[in-house]
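First comes the structure, then the notes that go with it.
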Amino acid sequence: MESEYHIRLKDLPADERPIERLQEYGPEQLKTSELLAIIIRTGTGQATAVQVAEQLLKKYDGNLKRIREETPQQLAKGVKGLGSVKAAQIKASFELGRRMASYYEEKYQISAPSDVARLMMSSMRDLKQEVLYVLCLDTKHNVIKRRQIFEGSLNASIIHPREVFRFAIEEAAAAILLVHNHPSGDPAPSKEDIRATKELIAAGNHIQIPVLDHIIIGDGVYTSLKEEGGI
């Protein structure tokens, strides 16, 4: 039985080899499909690794966040040349990136609402549901850790302060910041946003872990409830 032939990256013309291009120009100069091709490594008899990567990107409209959230089986489905092993390699690369981001996040200092927006905008602006994150800070307002605490519309009657402050106490936070998104793209706070925030501020004052601000993320824009005078 004739074995299937795979087009290898080294079989491509020199100027089309992503590994060589990375070595010569640096990873910043490569297209997303080329970076994925380095992870995929081999293609099929009809497509190079770069073309397989392009199929994957087309399947998800170029949305790396959607690719990151899929299982290896979902990634591989319908993409010829992308089996479960290669899909698992892609998932592993995303996880390494997430862990590296978490490492730098621990050194991230918050001095203004714009710092919070810069940290959280890319991961929250395209979410289809509202989520609430809590950022734990040390005494110098460095981010210790962040965690998603709640998913759904903010409602003071169903957001339990104990979940928010249990996390803060576990991390020995000196203070916390609240961050949530508006899938509509408009970060203007609702009455319920303000009411829920005030209840969390009161709870934080009671246990001496102050809530410094509540940032609402929209589509490329944000609102600070503290700056707006809402809290």
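Labels used: A, B, ... for chains in the order of the structure tokens, numbers from 1 for residues in each chain, and numbers from 1 for ligands as shown.
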
| task | List every residue of segment 74-227 of chain A that DSSP, applied to the backbone, labels as strand (DSSP E or B), and write the result as number ranges by chain. | result | A: 109, 131-137, 142-151, 175-181, 211-217, 222-224

| said: Just list as a PyMOL selection string whatever in segment 20-229 of chain A DSSP marks as alpha helix (DSSP H). | reply: chain A and resi 20-25+32-40+49-59+64-69+72-76+84-105+113-124+161-170+191-207

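Close contacts of segment 175-177 of chain A, defined as residues with an atom at most 6 Å away when counting only C-alpha atoms, with chain neighbours fewer than 4 positions off set aside, comprise Val134, Leu135, Cys136, Leu137, Ile209, Pro210, Val211, Leu212 and Asp213 of chain A.
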
| field | Close residues, segment 19-24 of chain A itself excluded, 7 Å, only C-alpha atoms, min 3 positions apart in chain, as a list in words | value |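 The filter keeps Pro27, Leu30 and Ile38 of chain A.
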
| field | Selection: 9 Å around Thr32 of chain A, only C-alpha atoms, excl. self and same-chain fewer than 6 positions, as an NGL selection string | value | :A and (53-54 or 57 or 62)

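For the set A:His160, A:Asp186, A:Ile149, A:Asn181, the residue with the smallest atom-to-atom gap to Glu199 of chain A is A:His160, counting only C-alpha atoms.
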
| message | Could you check the closest approach to Val79 of chain A for each of A:Ile144, A:Val221, A:Ala49, A:Val179 and tell me which residue wins, using only C-alpha atoms? | response |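 So, comparing all the options, the nearest one is A:Ala49.
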
Need the shell around Asp126 of chain A: protein/DNA/RNA residues with any atom at most 8 Å away, counting only C-alpha atoms. Skip same-chain ones fewer than 2 positions apart. Format as a PDB file with C-alpha atoms, in the first residue's frame?
ATOM      1  CA  SER A 122      -8.067  41.844  24.640  1.00  0.00           C
ATOM      2  CA  SER A 123      -9.499  38.905  26.567  1.00  0.00           C
ATOM      3  CA  MET A 124     -12.887  40.464  27.399  1.00  0.00           C
ATOM      4  CA  LYS A 128     -20.675  36.977  24.152  1.00  0.00           C
ATOM      5  CA  PRO A 183     -21.137  42.353  25.079  1.00  0.00           C
ATOM      6  CA  ASP A 219     -15.543  47.203  22.375  1.00  0.00           C
TER       7      ASP A 219
END

| said: My list of candidates is A:Ile231, A:Ala117, A:Ala203, A:Phe167. Which is closest to Ile216 of chain A when distances are computed with only C-alpha atoms? | reply: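 Nearest to Ile216 of chain A: A:Ala117.
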
| query | Looking at only C-alpha atoms, which of A:Ser33, A:Leu96, A:Ile39, A:Pro189 is the one that sits closest to Lys58 of chain A? | reply |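 For Lys58 of chain A, the nearest of the candidates is A:Ser33.
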
| field | From A:Leu127, A:Ala37, A:Val143, A:Leu82, residue lying nearest Ser111 of chain A [only C-alpha atoms] | value | A:Val143

| message | I'd like to know which of A:Ile40, A:Thr223, A:Val50, A:Gly45 is closest to Ala88 of chain A, using only C-alpha atoms. | response |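 Once distances to Ala88 of chain A are computed over only C-alpha atoms, the minimum belongs to A:Ile40.
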